[in-house]
file run-v7.pdb (PDB, N, CA and C atoms)
ATOM      1  N   MET O   1       4.437   7.438 -41.200
ATOM      2  CA  MET O   1       4.601   7.620 -39.777
ATOM      3  C   MET O   1       5.896   6.923 -39.361
ATOM      4  N   THR O   2       6.648   7.609 -38.530
ATOM      5  CA  THR O   2       7.893   7.022 -38.039
ATOM      6  C   THR O   2       7.587   6.054 -36.886
ATOM      7  N   ASP O   3       8.557   5.219 -36.543
ATOM      8  CA  ASP O   3       8.385   4.311 -35.421
ATOM      9  C   ASP O   3       8.142   5.078 -34.125
ATOM     10  N   LEU O   4       8.842   6.181 -33.948
ATOM     11  CA  LEU O   4       8.682   6.988 -32.741
ATOM     12  C   LEU O   4       7.286   7.614 -32.660
ATOM     13  N   GLU O   5       6.786   8.118 -33.779
ATOM     14  CA  GLU O   5       5.429   8.676 -33.810
ATOM     15  C   GLU O   5       4.397   7.595 -33.484
ATOM     16  N   TYR O   6       4.568   6.430 -34.094
ATOM     17  CA  TYR O   6       3.656   5.320 -33.811
ATOM     18  C   TYR O   6       3.668   4.993 -32.318
ATOM     19  N   GLN O   7       4.859   4.847 -31.756
ATOM     20  CA  GLN O   7       4.980   4.469 -30.354
ATOM     21  C   GLN O   7       4.289   5.486 -29.449
ATOM     22  N   ASP O   8       4.464   6.757 -29.725
ATOM     23  CA  ASP O   8       3.831   7.807 -28.931
ATOM     24  C   ASP O   8       2.305   7.730 -29.025
ATOM     25  N   LEU O   9       1.788   7.621 -30.242
ATOM     26  CA  LEU O   9       0.342   7.563 -30.441
ATOM     27  C   LEU O   9      -0.265   6.300 -29.841
ATOM     28  N   ALA O  10       0.402   5.180 -30.037
ATOM     29  CA  ALA O  10      -0.120   3.909 -29.533
ATOM     30  C   ALA O  10      -0.081   3.857 -28.005
ATOM     31  N   GLU O  11       0.966   4.397 -27.411
ATOM     32  CA  GLU O  11       1.050   4.435 -25.949
ATOM     33  C   GLU O  11      -0.062   5.291 -25.354
ATOM     34  N   ARG O  12      -0.442   6.352 -26.041
ATOM     35  CA  ARG O  12      -1.566   7.185 -25.581
ATOM     36  C   ARG O  12      -2.852   6.365 -25.525
ATOM     37  N   VAL O  13      -3.027   5.482 -26.505
ATOM     38  CA  VAL O  13      -4.215   4.623 -26.532
ATOM     39  C   VAL O  13      -4.211   3.691 -25.324
ATOM     40  N   LEU O  14      -3.092   3.027 -25.082
ATOM     41  CA  LEU O  14      -3.027   2.098 -23.952
ATOM     42  C   LEU O  14      -3.266   2.820 -22.629
ATOM     43  N   LYS O  15      -2.691   3.996 -22.484
ATOM     44  CA  LYS O  15      -2.897   4.786 -21.264
ATOM     45  C   LYS O  15      -4.369   5.184 -21.123
ATOM     46  N   ALA O  16      -4.998   5.575 -22.226
ATOM     47  CA  ALA O  16      -6.413   5.960 -22.198
ATOM     48  C   ALA O  16      -7.288   4.769 -21.800
ATOM     49  N   VAL O  17      -6.953   3.581 -22.271
ATOM     50  CA  VAL O  17      -7.709   2.381 -21.906
ATOM     51  C   VAL O  17      -7.566   2.121 -20.405
ATOM     52  N   GLU O  18      -6.339   2.224 -19.897
ATOM     53  CA  GLU O  18      -6.116   2.020 -18.462
ATOM     54  C   GLU O  18      -6.907   3.024 -17.622
ATOM     55  N   LEU O  19      -6.837   4.290 -17.998
ATOM     56  CA  LEU O  19      -7.556   5.329 -17.258
ATOM     57  C   LEU O  19      -9.067   5.131 -17.337
ATOM     58  N   ALA O  20      -9.555   4.716 -18.502
ATOM     59  CA  ALA O  20     -10.990   4.471 -18.662
ATOM     60  C   ALA O  20     -11.443   3.322 -17.770
ATOM     61  N   CYS O  21     -10.640   2.287 -17.656
ATOM     62  CA  CYS O  21     -10.984   1.172 -16.766
ATOM     63  C   CYS O  21     -11.100   1.654 -15.322
ATOM     64  N   ASP O  22     -10.156   2.486 -14.900
ATOM     65  CA  ASP O  22     -10.216   3.039 -13.545
ATOM     66  C   ASP O  22     -11.489   3.851 -13.352
ATOM     67  N   ARG O  23     -11.803   4.708 -14.335
ATOM     68  CA  ARG O  23     -13.011   5.536 -14.246
ATOM     69  C   ARG O  23     -14.263   4.667 -14.224
ATOM     70  N   ILE O  24     -14.324   3.689 -15.103
ATOM     71  CA  ILE O  24     -15.493   2.801 -15.173
ATOM     72  C   ILE O  24     -15.672   2.055 -13.854
ATOM     73  N   ASN O  25     -14.570   1.570 -13.286
ATOM     74  CA  ASN O  25     -14.658   0.857 -12.005
ATOM     75  C   ASN O  25     -15.134   1.769 -10.887
ATOM     76  N   ASP O  26     -14.765   3.057 -10.940
ATOM     77  CA  ASP O  26     -15.213   4.021  -9.928
ATOM     78  C   ASP O  26     -16.687   4.378 -10.091
ATOM     79  N   GLU O  27     -17.156   4.431 -11.340
ATOM     80  CA  GLU O  27     -18.503   4.925 -11.631
ATOM     81  C   GLU O  27     -19.560   3.838 -11.798
ATOM     82  N   THR O  28     -19.146   2.582 -11.990
ATOM     83  CA  THR O  28     -20.102   1.502 -12.229
ATOM     84  C   THR O  28     -19.719   0.294 -11.381
ATOM     85  N   ASP O  29     -20.518  -0.745 -11.509
ATOM     86  CA  ASP O  29     -20.172  -2.001 -10.838
ATOM     87  C   ASP O  29     -19.612  -3.014 -11.833
ATOM     88  N   ALA O  30     -19.049  -2.535 -12.939
ATOM     89  CA  ALA O  30     -18.536  -3.421 -13.991
ATOM     90  C   ALA O  30     -17.355  -4.267 -13.509
ATOM     91  N   ASP O  31     -16.512  -3.732 -12.641
ATOM     92  CA  ASP O  31     -15.377  -4.455 -12.074
ATOM     93  C   ASP O  31     -14.476  -5.067 -13.160
ATOM     94  N   ILE O  32     -13.871  -4.189 -13.959
ATOM     95  CA  ILE O  32     -12.937  -4.613 -15.000
ATOM     96  C   ILE O  32     -11.539  -4.691 -14.394
ATOM     97  N   ASP O  33     -10.922  -5.847 -14.517
ATOM     98  CA  ASP O  33      -9.533  -6.005 -14.083
ATOM     99  C   ASP O  33      -8.655  -5.753 -15.307
ATOM    100  N   SER O  34      -7.829  -4.718 -15.251
ATOM    101  CA  SER O  34      -6.942  -4.432 -16.384
ATOM    102  C   SER O  34      -5.506  -4.718 -15.969
ATOM    103  N   GLN O  35      -4.854  -5.525 -16.772
ATOM    104  CA  GLN O  35      -3.462  -5.897 -16.531
ATOM    105  C   GLN O  35      -2.632  -5.459 -17.723
ATOM    106  N   ARG O  36      -1.583  -4.679 -17.456
ATOM    107  CA  ARG O  36      -0.710  -4.200 -18.526
ATOM    108  C   ARG O  36       0.608  -4.943 -18.458
ATOM    109  N   SER O  37       1.056  -5.403 -19.609
ATOM    110  CA  SER O  37       2.354  -6.051 -19.722
ATOM    111  C   SER O  37       2.993  -5.546 -21.006
ATOM    112  N   GLY O  38       3.933  -4.615 -20.874
ATOM    113  CA  GLY O  38       4.580  -4.037 -22.050
ATOM    114  C   GLY O  38       3.567  -3.370 -22.951
ATOM    115  N   GLY O  39       3.496  -3.781 -24.198
ATOM    116  CA  GLY O  39       2.585  -3.204 -25.178
ATOM    117  C   GLY O  39       1.261  -3.921 -25.276
ATOM    118  N   MET O  40       0.819  -4.532 -24.168
ATOM    119  CA  MET O  40      -0.438  -5.281 -24.187
ATOM    120  C   MET O  40      -1.222  -5.016 -22.908
ATOM    121  N   ILE O  41      -2.540  -4.865 -23.069
ATOM    122  CA  ILE O  41      -3.452  -4.741 -21.934
ATOM    123  C   ILE O  41      -4.503  -5.837 -22.062
ATOM    124  N   THR O  42      -4.724  -6.544 -20.967
ATOM    125  CA  THR O  42      -5.784  -7.546 -20.923
ATOM    126  C   THR O  42      -6.866  -7.044 -19.975
ATOM    127  N   LEU O  43      -8.083  -6.927 -20.488
ATOM    128  CA  LEU O  43      -9.234  -6.538 -19.682
ATOM    129  C   LEU O  43     -10.013  -7.809 -19.362
ATOM    130  N   THR O  44     -10.213  -8.076 -18.089
ATOM    131  CA  THR O  44     -10.963  -9.252 -17.676
ATOM    132  C   THR O  44     -12.220  -8.783 -16.962
ATOM    133  N   PHE O  45     -13.351  -9.302 -17.414
ATOM    134  CA  PHE O  45     -14.652  -8.912 -16.879
ATOM    135  C   PHE O  45     -15.094  -9.910 -15.816
ATOM    136  N   SER O  46     -16.113  -9.558 -15.051
ATOM    137  CA  SER O  46     -16.553 -10.401 -13.936
ATOM    138  C   SER O  46     -17.007 -11.788 -14.389
ATOM    139  N   ASN O  47     -17.426 -11.929 -15.646
ATOM    140  CA  ASN O  47     -17.827 -13.236 -16.181
ATOM    141  C   ASN O  47     -16.627 -14.015 -16.735
ATOM    142  N   ARG O  48     -15.420 -13.481 -16.505
ATOM    143  CA  ARG O  48     -14.136 -14.064 -16.904
ATOM    144  C   ARG O  48     -13.834 -13.958 -18.402
ATOM    145  N   SER O  49     -14.704 -13.292 -19.155
ATOM    146  CA  SER O  49     -14.368 -13.040 -20.565
ATOM    147  C   SER O  49     -13.300 -11.949 -20.601
ATOM    148  N   GLN O  50     -12.581 -11.901 -21.707
ATOM    149  CA  GLN O  50     -11.469 -10.953 -21.807
ATOM    150  C   GLN O  50     -11.492 -10.206 -23.137
ATOM    151  N   ILE O  51     -10.872  -9.046 -23.094
ATOM    152  CA  ILE O  51     -10.507  -8.290 -24.294
ATOM    153  C   ILE O  51      -9.021  -8.009 -24.166
ATOM    154  N   VAL O  52      -8.291  -8.285 -25.235
ATOM    155  CA  VAL O  52      -6.850  -8.038 -25.242
ATOM    156  C   VAL O  52      -6.560  -6.977 -26.298
ATOM    157  N   VAL O  53      -5.825  -5.943 -25.897
ATOM    158  CA  VAL O  53      -5.391  -4.878 -26.801
ATOM    159  C   VAL O  53      -3.872  -4.922 -26.814
ATOM    160  N   ASN O  54      -3.294  -5.070 -28.003
ATOM    161  CA  ASN O  54      -1.837  -5.089 -28.052
ATOM    162  C   ASN O  54      -1.298  -4.335 -29.256
ATOM    163  N   LEU O  55      -0.081  -3.849 -29.083
ATOM    164  CA  LEU O  55       0.581  -3.075 -30.124
ATOM    165  C   LEU O  55       1.291  -4.019 -31.086
ATOM    166  N   GLN O  56       1.169  -3.725 -32.356
ATOM    167  CA  GLN O  56       1.883  -4.453 -33.402
ATOM    168  C   GLN O  56       2.858  -3.467 -34.033
ATOM    169  N   LYS O  57       4.001  -3.299 -33.374
ATOM    170  CA  LYS O  57       4.959  -2.264 -33.751
ATOM    171  C   LYS O  57       5.453  -2.374 -35.186
ATOM    172  N   PRO O  58       5.816  -3.563 -35.686
ATOM    173  CA  PRO O  58       6.330  -3.627 -37.059
ATOM    174  C   PRO O  58       5.305  -3.167 -38.110
ATOM    175  N   LEU O  59       4.017  -3.352 -37.790
ATOM    176  CA  LEU O  59       2.954  -2.981 -38.727
ATOM    177  C   LEU O  59       2.369  -1.601 -38.459
ATOM    178  N   HIS O  60       2.793  -0.983 -37.356
ATOM    179  CA  HIS O  60       2.213   0.296 -36.908
ATOM    180  C   HIS O  60       0.710   0.167 -36.727
ATOM    181  N   GLU O  61       0.288  -0.916 -36.093
ATOM    182  CA  GLU O  61      -1.125  -1.176 -35.848
ATOM    183  C   GLU O  61      -1.369  -1.439 -34.371
ATOM    184  N   ILE O  62      -2.633  -1.335 -33.996
ATOM    185  CA  ILE O  62      -3.114  -1.793 -32.696
ATOM    186  C   ILE O  62      -4.108  -2.906 -32.989
ATOM    187  N   TRP O  63      -3.964  -4.013 -32.294
ATOM    188  CA  TRP O  63      -4.870  -5.136 -32.471
ATOM    189  C   TRP O  63      -5.723  -5.305 -31.226
ATOM    190  N   MET O  64      -6.980  -5.703 -31.451
ATOM    191  CA  MET O  64      -7.891  -5.986 -30.351
ATOM    192  C   MET O  64      -8.519  -7.353 -30.588
ATOM    193  N   ALA O  65      -8.513  -8.177 -29.539
ATOM    194  CA  ALA O  65      -9.191  -9.470 -29.576
ATOM    195  C   ALA O  65     -10.302  -9.442 -28.534
ATOM    196  N   ALA O  66     -11.522  -9.727 -28.980
ATOM    197  CA  ALA O  66     -12.693  -9.752 -28.107
ATOM    198  C   ALA O  66     -13.496 -11.004 -28.443
ATOM    199  N   LYS O  67     -14.566 -11.259 -27.691
ATOM    200  CA  LYS O  67     -15.408 -12.415 -27.997
ATOM    201  C   LYS O  67     -15.934 -12.349 -29.428
ATOM    202  N   ALA O  68     -16.133 -11.146 -29.924
ATOM    203  CA  ALA O  68     -16.683 -10.956 -31.268
ATOM    204  C   ALA O  68     -15.666 -11.218 -32.378
ATOM    205  N   GLY O  69     -14.371 -11.319 -32.023
ATOM    206  CA  GLY O  69     -13.352 -11.580 -33.039
ATOM    207  C   GLY O  69     -12.116 -10.732 -32.849
ATOM    208  N   GLY O  70     -11.278 -10.733 -33.879
ATOM    209  CA  GLY O  70     -10.040  -9.969 -33.867
ATOM    210  C   GLY O  70     -10.131  -8.779 -34.804
ATOM    211  N   PHE O  71      -9.524  -7.669 -34.400
ATOM    212  CA  PHE O  71      -9.631  -6.425 -35.152
ATOM    213  C   PHE O  71      -8.272  -5.746 -35.224
ATOM    214  N   HIS O  72      -7.979  -5.131 -36.360
ATOM    215  CA  HIS O  72      -6.710  -4.434 -36.578
ATOM    216  C   HIS O  72      -7.005  -2.973 -36.877
ATOM    217  N   TYR O  73      -6.217  -2.075 -36.262
ATOM    218  CA  TYR O  73      -6.445  -0.632 -36.403
ATOM    219  C   TYR O  73      -5.168   0.070 -36.842
ATOM    220  N   LYS O  74      -5.329   0.997 -37.786
ATOM    221  CA  LYS O  74      -4.236   1.861 -38.246
ATOM    222  C   LYS O  74      -4.635   3.307 -37.975
ATOM    223  N   PHE O  75      -3.635   4.138 -37.720
ATOM    224  CA  PHE O  75      -3.896   5.553 -37.446
ATOM    225  C   PHE O  75      -4.079   6.296 -38.758
ATOM    226  N   ASN O  76      -5.127   7.121 -38.845
ATOM    227  CA  ASN O  76      -5.433   7.831 -40.095
ATOM    228  C   ASN O  76      -5.238   9.339 -39.988
ATOM    229  N   SER O  77      -4.366   9.791 -39.132
ATOM    230  CA  SER O  77      -4.046  11.192 -38.845
ATOM    231  C   SER O  77      -4.939  11.795 -37.765
ATOM    232  N   SER O  78      -6.030  11.139 -37.408
ATOM    233  CA  SER O  78      -6.886  11.612 -36.329
ATOM    234  C   SER O  78      -7.317  10.499 -35.379
ATOM    235  N   TYR O  79      -7.627   9.330 -35.930
ATOM    236  CA  TYR O  79      -8.195   8.233 -35.145
ATOM    237  C   TYR O  79      -7.571   6.907 -35.564
ATOM    238  N   TRP O  80      -7.711   5.915 -34.672
ATOM    239  CA  TRP O  80      -7.319   4.548 -34.989
ATOM    240  C   TRP O  80      -8.536   3.879 -35.640
ATOM    241  N   ILE O  81      -8.373   3.495 -36.905
ATOM    242  CA  ILE O  81      -9.479   3.014 -37.734
ATOM    243  C   ILE O  81      -9.284   1.544 -38.088
ATOM    244  N   ASP O  82     -10.367   0.765 -37.990
ATOM    245  CA  ASP O  82     -10.336  -0.656 -38.342
ATOM    246  C   ASP O  82      -9.967  -0.819 -39.813
ATOM    247  N   THR O  83      -9.050  -1.725 -40.093
ATOM    248  CA  THR O  83      -8.565  -1.905 -41.463
ATOM    249  C   THR O  83      -9.587  -2.576 -42.365
ATOM    250  N   LYS O  84     -10.640  -3.162 -41.812
ATOM    251  CA  LYS O  84     -11.658  -3.828 -42.636
ATOM    252  C   LYS O  84     -12.902  -2.980 -42.851
ATOM    253  N   ASP O  85     -13.426  -2.378 -41.768
ATOM    254  CA  ASP O  85     -14.704  -1.675 -41.921
ATOM    255  C   ASP O  85     -14.639  -0.180 -41.599
ATOM    256  N   ALA O  86     -13.446   0.337 -41.321
ATOM    257  CA  ALA O  86     -13.221   1.763 -41.069
ATOM    258  C   ALA O  86     -13.914   2.281 -39.808
ATOM    259  N   SER O  87     -14.291   1.397 -38.892
ATOM    260  CA  SER O  87     -14.852   1.849 -37.626
ATOM    261  C   SER O  87     -13.718   2.263 -36.687
ATOM    262  N   GLU O  88     -14.058   3.059 -35.682
ATOM    263  CA  GLU O  88     -13.063   3.663 -34.810
ATOM    264  C   GLU O  88     -12.788   2.770 -33.591
ATOM    265  N   PHE O  89     -11.532   2.726 -33.155
ATOM    266  CA  PHE O  89     -11.092   1.846 -32.072
ATOM    267  C   PHE O  89     -11.903   2.020 -30.792
ATOM    268  N   PHE O  90     -12.000   3.235 -30.260
ATOM    269  CA  PHE O  90     -12.652   3.436 -28.969
ATOM    270  C   PHE O  90     -14.154   3.158 -29.039
ATOM    271  N   ALA O  91     -14.777   3.431 -30.169
ATOM    272  CA  ALA O  91     -16.195   3.081 -30.348
ATOM    273  C   ALA O  91     -16.359   1.563 -30.311
ATOM    274  N   ASN O  92     -15.469   0.861 -30.989
ATOM    275  CA  ASN O  92     -15.540  -0.599 -30.992
ATOM    276  C   ASN O  92     -15.235  -1.178 -29.618
ATOM    277  N   LEU O  93     -14.221  -0.639 -28.940
ATOM    278  CA  LEU O  93     -13.901  -1.119 -27.606
ATOM    279  C   LEU O  93     -15.094  -0.918 -26.676
ATOM    280  N   SER O  94     -15.742   0.220 -26.765
ATOM    281  CA  SER O  94     -16.935   0.478 -25.949
ATOM    282  C   SER O  94     -18.018  -0.556 -26.226
ATOM    283  N   CYS O  95     -18.244  -0.848 -27.492
ATOM    284  CA  CYS O  95     -19.275  -1.808 -27.897
ATOM    285  C   CYS O  95     -18.948  -3.213 -27.387
ATOM    286  N   HIS O  96     -17.726  -3.671 -27.629
ATOM    287  CA  HIS O  96     -17.349  -5.030 -27.218
ATOM    288  C   HIS O  96     -17.292  -5.164 -25.702
ATOM    289  N   ALA O  97     -16.769  -4.156 -25.020
ATOM    290  CA  ALA O  97     -16.715  -4.194 -23.555
ATOM    291  C   ALA O  97     -18.129  -4.181 -22.971
ATOM    292  N   SER O  98     -19.010  -3.402 -23.544
ATOM    293  CA  SER O  98     -20.397  -3.357 -23.072
ATOM    294  C   SER O  98     -21.057  -4.724 -23.218
ATOM    295  N   GLU O  99     -20.841  -5.359 -24.364
ATOM    296  CA  GLU O  99     -21.410  -6.695 -24.590
ATOM    297  C   GLU O  99     -20.866  -7.690 -23.572
ATOM    298  N   GLN O 100     -19.576  -7.649 -23.339
ATOM    299  CA  GLN O 100     -18.961  -8.628 -22.449
ATOM    300  C   GLN O 100     -19.248  -8.350 -20.979
ATOM    301  N   ALA O 101     -19.449  -7.090 -20.617
ATOM    302  CA  ALA O 101     -19.749  -6.727 -19.231
ATOM    303  C   ALA O 101     -21.244  -6.821 -18.921
ATOM    304  N   GLY O 102     -22.070  -6.804 -19.957
ATOM    305  CA  GLY O 102     -23.506  -6.841 -19.758
ATOM    306  C   GLY O 102     -24.093  -5.519 -19.313
ATOM    307  N   GLN O 103     -23.364  -4.433 -19.568
ATOM    308  CA  GLN O 103     -23.853  -3.101 -19.265
ATOM    309  C   GLN O 103     -23.123  -2.087 -20.152
ATOM    310  N   LEU O 104     -23.739  -0.928 -20.311
ATOM    311  CA  LEU O 104     -23.178   0.096 -21.167
ATOM    312  C   LEU O 104     -21.903   0.680 -20.561
ATOM    313  N   LEU O 105     -20.789   0.600 -21.321
ATOM    314  CA  LEU O 105     -19.502   1.135 -20.899
ATOM    315  C   LEU O 105     -18.979   2.056 -21.979
ATOM    316  N   ALA O 106     -18.308   3.122 -21.579
ATOM    317  CA  ALA O 106     -17.799   4.101 -22.553
ATOM    318  C   ALA O 106     -16.294   4.278 -22.412
ATOM    319  N   PHE O 107     -15.588   3.993 -23.500
ATOM    320  CA  PHE O 107     -14.161   4.278 -23.618
ATOM    321  C   PHE O 107     -14.057   5.421 -24.601
ATOM    322  N   LYS O 108     -13.198   6.409 -24.291
ATOM    323  CA  LYS O 108     -13.147   7.625 -25.108
ATOM    324  C   LYS O 108     -11.771   7.842 -25.695
ATOM    325  N   THR O 109     -11.754   8.473 -26.866
ATOM    326  CA  THR O 109     -10.501   8.860 -27.521
ATOM    327  C   THR O 109      -9.778   9.869 -26.655
ATOM    328  N   PRO O 110      -8.482   9.683 -26.419
ATOM    329  CA  PRO O 110      -7.738  10.664 -25.602
ATOM    330  C   PRO O 110      -7.680  12.025 -26.260
ATOM    331  N   ALA O 111      -7.678  13.060 -25.458
ATOM    332  CA  ALA O 111      -7.638  14.431 -25.983
ATOM    333  C   ALA O 111      -6.259  14.786 -26.462
TER
END
call {"tool": "encode", "arguments": {"input": "run-v7.pdb", "output": "structure tokens"}}
result
Amino acid sequence: MTDLEYQDLAERVLKAVELACDRINDETDADIDSQRSGGMITLTFSNRSQIVVNLQKPLHEIWMAAKAGGFHYKFNSSYWIDTKDASEFFANLSCHASEQAGQLLAFKTPA
């Protein structure tokens, strides 16, 4: 994958996370504050816990830090997959955000 391809794919992920936060805030009482700074998004929940998603451009990875730990994702031609357990980024984000928000939240892979 070229740097340009990585940047395009990774930016789609960050945009999808931002849009999902807006949708979740409209549809639930989760009240997620999402702050974007360059290649990083910080999600802050009402209990003040956070999830940070950031781009690791030199490695062509996306990293996520949540209460459950740190996770690294590489693109496998279709999805961003965890480098340790092969789980999918948006499924994991949904799981960790749900745990931290105390309610079921859904983040989806962009079309």
call {"tool": "resolve_selection", "arguments": {"input": "run-v7.pdb", "expression": "the PyMOL selection byres ((chain O and resi 3-10) around 8)", "output": "PyMOL selection string"}}
result
chain O and resi 1-2+11-16+55+57+60-62
call {"tool": "select_by_dssp", "arguments": {"input": "run-v7.pdb", "residues": "chain O", "states": "alpha helix (DSSP H)", "output": "VMD selection string"}}
result
chain O and resid 3 to 27 89 to 101
call {"tool": "atom_distance", "arguments": {"input": "run-v7.pdb", "atom1": "atom N of Asp26 in chain O", "atom2": "CA of Phe75 in chain O"}}
result
28.8 Å
call {"tool": "select_by_dssp", "arguments": {"input": "run-v7.pdb", "residues": "range 42-74 of chain O", "states": "strand (DSSP E)", "output": "PyMOL selection string"}}
result
chain O and resi 42-44+50-56+61-66+69-74
call {"tool": "residues_near_point", "arguments": {"input": "run-v7.pdb", "point": "(-7.9, -3.8, -33.7)", "cutoff": "9 Å", "atoms": "only C-alpha atoms", "output": "ChimeraX atom specification"}}
result
/O:53-54,61-65,70-74,80-83,89,92-93
